[in-house]
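These notes concern the structure reproduced below.
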Amino acid sequence: MTRSCESFLRRISDQRLHSRSKLTPKRLGLLVFFNLAIVTGNPIIAPSAHADSGSSPVHFFEFDLLTVDTEGHPALSVSDSHGVLDAMLAGDTGKLLTIRKVLEQNPGPEPAFDIMRLALCDAAIARTKGDIERSSRIIRQALQTAQPWSNPAHSVNPFNFMLMTLLSGNFLLEGNPPIWAAERTYLEQNLFAPIRAHYEKPSLDFSDVEQLRLTALPDALPPLTTEGPRLDHVSFNPFATIIDNSTVTTAAAKIDVDGSIAPAIINTGTVLGAVPASLQRQHHWSQIGTFTEYGPSTKPPRIVKIVRVPSLTLGHTTFRNQMMMVIQSDFAVIGLQTLGILRHVIMNEHEMTFGPDVPFTCRRHTSQLSSISGFKAGLLLPVTYEGKRSMAIMNTGENYPEPLVIDVARLSNALSGSRKEQKIETATGNEQEKGVKHTTTLLIDGHLAHGAIRYRIGKADQLPTLTMSALEGRTLAFDLRAGIACLD
């Protein structure tokens with residue numbers, strides 16, 4: 001997500017601030033935003049002094065930040081040098097607490113920037129604990145307190161850019177599409193447009209925050225609503241999934257999508273759900289946006305339609321106005337945006353029950369990862385394997401026979417186990433995949449499990465994944481509205 005600023009750091013690392021030196025806004029911003037060495041300069045100028053009619057002044061966005069995507073288009077990826085956004089993407093609350101302590105002990109010369117960068121860290125901490133409401137409250141308070149630098153009408157800078165983008169992502173995560181759409185429209189007009197003008201690049205892509213784009217007016221997204229019994233139930237696996245000549249546990253159920261019955265996979269590893277393209281052709285649902293799916297660097301990105309599905313029924317519970325992707329698959333996908341509306345969700349290998357009247361004893365706060373835009377998110381559980389301890393993403397949409405999947409850059413000879421190449425059934429269709437199966441003993445959220453690890457080619461810096469097979473003999477309980485999750 002971040003772009004390296006090492007060369008920029010080297011260029012200024014020898015500069016120092018003398019006791020009576022003053023700072024320009026540009027150098028001040030670089031000092032605080034990138035945590036660079038202190039620099040000499042001229043007197044501080046208030047951000048409002050730079051405002052002119054028709055556009056907001058842009059501060060601290062350097063040309064070093066620009067990159068080029070696989071199709072040759074200019075792109076901008078904004079992050080912080082302390083790694084707040086990276087730690088949030090990893091769901092690493094401990095690292096965020098350490099970063100916050102460092103920030104608190106090393107204030108910069110501009111109090112408004114200190115307020116905003118501490119708020120960014122605090123809001124990220126709240127996100128990793130599943131407390132979206134607190135995260136949003138922290139951001140709103142900081143934007144109010146850090147005036148005028150927090151106000152895009154006076155200054156568009158990396159601080160208010162990150163805070164407002166994080167706030168927009170919160171609305172997506174809490175299942176509030178109308179507010180999310182209004183916020184994204186505001187960001188486009190008051191942050192993205194001035195930055196594009198600043199770089200003189202009208203086609204500039206904000207790759208970290210614009211994967212999900214709104215193409216309809218905000219009022220095309222009515223509020224999400226839910227109606228159903230206080231205790232509901234669905235059984236899993238109405239169809240068999242065969243891998244290695246054996247039936248594999250699949251979190252699948254029949255659902256009603258706007259009057260059409262379809263198989264669906266319950267997937268805790270994605271935010272937005274999805275509907276098959278065949279159903280979209282049949283129902284002609286309104287397109288409200290697009291999602292850009294980035295593959296390997298050698299392949300161009302793929303554009304996926306986002307539609308508004310008027311009605312979706314799981315069990316006896318009906319969800320209205322869901323934002324869903326259109327995919328080339330025979331299966332629909334139920335993601336965290338839908339599951340997050342439900343209270344007291346309990347899943348095992350055979351079934352899922354949910355509703356406020358479901359007996360629920362889990363009281364542990366969740367550990368969650370999420371991207372700044374809120375489009376990527378997941379529940380995290382601790383796992384110990386081969387003498388290593390790590391957090392792992394609980395992804396019920398992965399139906400491997402092995403409970404733990406680890407991505408590696410390549411399948412080296414150092415990986416012991418049986419090598420396999422087989423067709424894997426996933427939420428987006430069948431895929432041919434190479435892997436190594438290694439039999440071992442796992443400790444999943446404190447529970448001993450005799451199983452195996454599947455190593456597959458992927459992003460080596462990605463957290464391990466717990467598959468649906470991890471629920472064999474165990475129960476996953478979560479309530480995202482309350483910010484709690486347990487594996488028993």
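Scheme for the structure tokens: letters A, B, ... for chains in order shown; per-chain residue numbers from 1; ligand numbers from 1 in order shown.
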For stretch 306-335 of chain A versus stretch 200-212 of chain A, which residues have an atom no more than 12 Å away, and what is each residue's nearest atom pair and distance in Å rounded to one decimal, using only C-alpha atoms, chain-then-number order, as a tab-separated table?
```
residue	atom	partner	partner_atom	distance
A:Ile306	CA	A:Leu212	CA	8.6
A:Val307	CA	A:Leu212	CA	11.9
A:Met323	CA	A:Leu212	CA	11.1
A:Met324	CA	A:Leu212	CA	11.3
A:Met325	CA	A:Leu212	CA	10.3
```
Write out, as a compact mmCIF listing (two decimals), in the first residue's frame, the residues just selected, with N, CA and C atoms.
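Result saved to selection-v7.txt:
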```
# COMPACT_ATOMS: atom_id res chain seq x y z
N ILE A 306 -20.58 -3.03 -9.67
CA ILE A 306 -21.26 -3.05 -8.38
C ILE A 306 -22.71 -2.68 -8.62
N VAL A 307 -23.63 -3.50 -8.12
CA VAL A 307 -25.05 -3.26 -8.33
C VAL A 307 -25.77 -3.18 -6.99
N MET A 323 -25.31 -3.64 -1.51
CA MET A 323 -24.30 -3.38 -2.56
C MET A 323 -23.57 -4.69 -2.82
N MET A 324 -23.55 -5.15 -4.08
CA MET A 324 -22.92 -6.43 -4.36
C MET A 324 -22.17 -6.38 -5.69
N MET A 325 -21.07 -7.13 -5.75
CA MET A 325 -20.30 -7.25 -6.97
C MET A 325 -20.97 -8.23 -7.93
```
Which of stretch 183-392 of chain A end up as alpha helix (DSSP H) when DSSP is run on this backbone - answer as an mmCIF file with N, CA and C atoms, in the first residue's frame?
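Now in part-v2.cif:
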```cif
data_model
loop_
_atom_site.group_PDB
_atom_site.id
_atom_site.type_symbol
_atom_site.label_atom_id
_atom_site.label_comp_id
_atom_site.auth_asym_id
_atom_site.auth_seq_id
_atom_site.Cartn_x
_atom_site.Cartn_y
_atom_site.Cartn_z
ATOM 1 N N GLU A 183 -20.179 10.762 1.387
ATOM 2 C CA GLU A 183 -18.809 11.084 1.794
ATOM 3 C C GLU A 183 -17.838 10.934 0.635
ATOM 4 N N ARG A 184 -18.010 9.882 -0.185
ATOM 5 C CA ARG A 184 -17.123 9.689 -1.332
ATOM 6 C C ARG A 184 -17.288 10.799 -2.355
ATOM 7 N N THR A 185 -18.509 11.277 -2.538
ATOM 8 C CA THR A 185 -18.732 12.408 -3.435
ATOM 9 C C THR A 185 -18.024 13.655 -2.911
ATOM 10 N N TYR A 186 -18.092 13.855 -1.593
ATOM 11 C CA TYR A 186 -17.394 14.989 -0.975
ATOM 12 C C TYR A 186 -15.880 14.866 -1.171
ATOM 13 N N LEU A 187 -15.348 13.674 -0.961
ATOM 14 C CA LEU A 187 -13.909 13.466 -1.132
ATOM 15 C C LEU A 187 -13.486 13.748 -2.570
ATOM 16 N N ALA A 193 -10.096 16.053 -6.552
ATOM 17 C CA ALA A 193 -10.023 17.013 -7.653
ATOM 18 C C ALA A 193 -8.901 18.043 -7.456
ATOM 19 N N PRO A 194 -8.768 18.653 -6.263
ATOM 20 C CA PRO A 194 -7.652 19.598 -6.076
ATOM 21 C C PRO A 194 -6.274 18.940 -6.214
ATOM 22 N N ILE A 195 -6.143 17.690 -5.764
ATOM 23 C CA ILE A 195 -4.847 17.016 -5.880
ATOM 24 C C ILE A 195 -4.526 16.725 -7.345
ATOM 25 N N ARG A 196 -5.545 16.313 -8.116
ATOM 26 C CA ARG A 196 -5.319 16.095 -9.555
ATOM 27 C C ARG A 196 -4.901 17.394 -10.232
ATOM 28 N N ALA A 197 -5.529 18.496 -9.840
ATOM 29 C CA ALA A 197 -5.160 19.795 -10.406
ATOM 30 C C ALA A 197 -3.751 20.192 -9.982
ATOM 31 N N HIS A 198 -3.402 19.888 -8.746
ATOM 32 C CA HIS A 198 -2.064 20.189 -8.233
ATOM 33 C C HIS A 198 -0.981 19.496 -9.058
ATOM 34 N N TYR A 199 -1.205 18.225 -9.377
ATOM 35 C CA TYR A 199 -0.232 17.467 -10.172
ATOM 36 C C TYR A 199 -0.418 17.681 -11.679
ATOM 37 N N ALA A 277 -23.173 -13.269 -12.621
ATOM 38 C CA ALA A 277 -23.499 -12.427 -13.778
ATOM 39 C C ALA A 277 -24.791 -12.883 -14.448
ATOM 40 N N SER A 278 -25.080 -14.185 -14.385
ATOM 41 C CA SER A 278 -26.311 -14.700 -14.988
ATOM 42 C C SER A 278 -27.546 -14.087 -14.324
ATOM 43 N N LEU A 279 -27.499 -13.892 -13.007
ATOM 44 C CA LEU A 279 -28.627 -13.266 -12.317
ATOM 45 C C LEU A 279 -28.734 -11.782 -12.657
ATOM 46 N N GLN A 280 -27.590 -11.128 -12.838
ATOM 47 C CA GLN A 280 -27.614 -9.718 -13.227
ATOM 48 C C GLN A 280 -28.258 -9.548 -14.605
ATOM 49 N N ARG A 281 -27.937 -10.452 -15.519
ATOM 50 C CA ARG A 281 -28.549 -10.381 -16.852
ATOM 51 C C ARG A 281 -30.056 -10.631 -16.781
ATOM 52 N N GLN A 282 -30.470 -11.437 -15.826
ATOM 53 C CA GLN A 282 -31.884 -11.758 -15.690
ATOM 54 C C GLN A 282 -32.679 -10.622 -15.031
ATOM 55 N N HIS A 283 -32.075 -9.985 -14.025
ATOM 56 C CA HIS A 283 -32.825 -8.998 -13.240
ATOM 57 C C HIS A 283 -32.529 -7.539 -13.623
ATOM 58 N N LEU A 336 -19.111 -9.689 4.703
ATOM 59 C CA LEU A 336 -19.200 -9.101 6.038
ATOM 60 C C LEU A 336 -20.190 -7.946 6.108
ATOM 61 N N GLN A 337 -20.437 -7.251 4.973
ATOM 62 C CA GLN A 337 -21.410 -6.167 5.031
ATOM 63 C C GLN A 337 -22.793 -6.700 5.407
ATOM 64 N N THR A 338 -23.124 -7.891 4.879
ATOM 65 C CA THR A 338 -24.399 -8.528 5.232
ATOM 66 C C THR A 338 -24.324 -9.159 6.613
ATOM 67 N N LEU A 339 -23.261 -9.921 6.866
ATOM 68 C CA LEU A 339 -23.121 -10.603 8.156
ATOM 69 C C LEU A 339 -23.004 -9.614 9.310
#
```
Exercise for review: Write out as a PyMOL selection string all residues of stretch 308-427 of chain A that backbone DSSP assigns to strand (DSSP E).
Suggested key: chain A and resi 308-314+317-327+332-334+345-347+351-354+367-370+377-385+388-394+404-408+418-426
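Closest approach to A:Asn321 from the set A:Gly335, A:Gly175, A:Gly91, A:Gly446 is made by A:Gly175, with distances taken over only C-alpha atoms.
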**Study point:** Residue contacts of A:Gly483 (7 Å, only C-alpha atoms) excluding same-chain residues fewer than 4 positions away, as a list of chain:residue names
**Key:**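 Here the answer would be A:Lys129, A:Gly130, A:Asp131, A:His365, A:Thr366, A:Asp479.
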Writing out the chosen residues with N, CA and C atoms as a PDB file, in the first residue's frame:
```
ATOM      1  N   LYS A 129     -10.020  -3.104  16.841  1.00  0.00           N
ATOM      2  CA  LYS A 129     -10.813  -3.688  17.923  1.00  0.00           C
ATOM      3  C   LYS A 129     -12.290  -3.836  17.550  1.00  0.00           C
ATOM      4  N   GLY A 130     -12.613  -3.491  16.321  1.00  0.00           N
ATOM      5  CA  GLY A 130     -13.981  -3.630  15.845  1.00  0.00           C
ATOM      6  C   GLY A 130     -14.921  -2.534  16.306  1.00  0.00           C
ATOM      7  N   ASP A 131     -14.375  -1.439  16.854  1.00  0.00           N
ATOM      8  CA  ASP A 131     -15.212  -0.348  17.356  1.00  0.00           C
ATOM      9  C   ASP A 131     -15.249   0.770  16.314  1.00  0.00           C
ATOM     10  N   HIS A 365     -13.378  -9.105  22.664  1.00  0.00           N
ATOM     11  CA  HIS A 365     -13.315  -8.132  21.583  1.00  0.00           C
ATOM     12  C   HIS A 365     -12.616  -8.744  20.369  1.00  0.00           C
ATOM     13  N   THR A 366     -13.119  -8.372  19.209  1.00  0.00           N
ATOM     14  CA  THR A 366     -12.527  -8.896  17.973  1.00  0.00           C
ATOM     15  C   THR A 366     -11.161  -8.292  17.715  1.00  0.00           C
ATOM     16  N   ASP A 479     -20.276 -11.176  16.639  1.00  0.00           N
ATOM     17  CA  ASP A 479     -21.288 -10.126  16.546  1.00  0.00           C
ATOM     18  C   ASP A 479     -20.535  -8.857  16.219  1.00  0.00           C
TER      19      ASP A 479
END
```
Exercise for review: Fewer than 6 positions away in the same chain doesn't count, so skip those; otherwise give me all residues within 8 Å of stretch 344-350 of chain A, counting only C-alpha atoms, as a ChimeraX atom specification.
Suggested key: /A:235-237,249-251,356-360,468-469,471-479
Revision key, fill the gap. Of A:Glu71, A:Thr361, A:Leu97, A:Lys388, the one sitting nearest A:Arg302 when using only C-alpha atoms is A:Glu71
**Study point:** Residue with smallest distance to A:Leu411 - pool A:Cys486, A:Ser260, A:Gly458, A:Val156, counting only C-alpha atoms
**Key:** A:Gly458
Tell me which protein, DNA and RNA residues are within 6 Å of A:Pro276, counting only C-alpha atoms, leaving out same-chain ones fewer than 3 positions away, and put them as a PDB file with N, CA and C atoms, in the first residue's frame.
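Final file, out_16.pdb:
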```
ATOM      1  N   LEU A 279     -27.499 -13.892 -13.007  1.00  0.00           N
ATOM      2  CA  LEU A 279     -28.627 -13.266 -12.317  1.00  0.00           C
ATOM      3  C   LEU A 279     -28.734 -11.782 -12.657  1.00  0.00           C
ATOM      4  N   VAL A 326     -20.705  -8.087  -9.207  1.00  0.00           N
ATOM      5  CA  VAL A 326     -21.182  -9.037 -10.220  1.00  0.00           C
ATOM      6  C   VAL A 326     -19.984  -9.864 -10.668  1.00  0.00           C
ATOM      7  N   ILE A 327     -20.055 -11.193 -10.460  1.00  0.00           N
ATOM      8  CA  ILE A 327     -18.907 -12.051 -10.731  1.00  0.00           C
ATOM      9  C   ILE A 327     -19.289 -13.181 -11.681  1.00  0.00           C
ATOM     10  N   GLN A 328     -18.283 -13.723 -12.344  1.00  0.00           N
ATOM     11  CA  GLN A 328     -18.474 -14.866 -13.244  1.00  0.00           C
ATOM     12  C   GLN A 328     -18.394 -16.144 -12.411  1.00  0.00           C
ATOM     13  N   SER A 329     -19.516 -16.535 -11.847  1.00  0.00           N
ATOM     14  CA  SER A 329     -19.565 -17.691 -10.961  1.00  0.00           C
ATOM     15  C   SER A 329     -20.980 -18.234 -10.932  1.00  0.00           C
ATOM     16  N   ASP A 330     -21.104 -19.478 -10.509  1.00  0.00           N
ATOM     17  CA  ASP A 330     -22.430 -20.066 -10.314  1.00  0.00           C
ATOM     18  C   ASP A 330     -22.983 -19.757  -8.930  1.00  0.00           C
ATOM     19  N   ALA A 332     -23.563 -17.143  -5.485  1.00  0.00           N
ATOM     20  CA  ALA A 332     -23.567 -15.833  -4.857  1.00  0.00           C
ATOM     21  C   ALA A 332     -22.617 -15.878  -3.657  1.00  0.00           C
TER      22      ALA A 332
END
```
Revision key, fill the gap. Correct to one decimal, the distance atom CA of A:Leu231-atom CA of A:Lys254 is 17.9 Å
Practice item. Would you work out the distance separating atom CA of A:His316 from atom CA of A:Met352, expressed in Å to one decimal? Key: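 Here the two named atoms are 12.5 Å from each other.
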I want to know what sits within 7 Å of A:Ile255, based on only C-alpha atoms, with residues of the same chain fewer than 6 positions away left out; could you give that as a CSV table (one decimal) with N, CA and C atoms, in the first residue's frame?
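Output contents, as saved in selection_20.csv:
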```csv
chain,number,residue,atom,x,y,z
A,261,ILE,N,-33.8,-18.3,-6.7
A,261,ILE,CA,-33.1,-19.2,-5.8
A,261,ILE,C,-31.7,-19.5,-6.3
A,262,ALA,N,-30.7,-19.3,-5.5
A,262,ALA,CA,-29.3,-19.5,-5.9
A,262,ALA,C,-28.5,-20.0,-4.7
A,263,PRO,N,-27.4,-20.9,-5.0
A,263,PRO,CA,-26.5,-21.3,-4.0
A,263,PRO,C,-25.6,-20.1,-3.6
A,264,ALA,N,-25.3,-20.0,-2.3
A,264,ALA,CA,-24.4,-18.9,-1.9
A,264,ALA,C,-23.4,-19.4,-0.9
A,313,THR,N,-32.7,-12.9,0.6
A,313,THR,CA,-33.2,-13.6,1.8
A,313,THR,C,-32.3,-14.8,2.2
A,314,LEU,N,-31.8,-14.8,3.4
A,314,LEU,CA,-30.9,-15.9,3.9
A,314,LEU,C,-31.7,-16.5,5.1
```
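In this structure, atom CA of A:Gly397 sits 8.4 Å away from atom CA of A:Val333.
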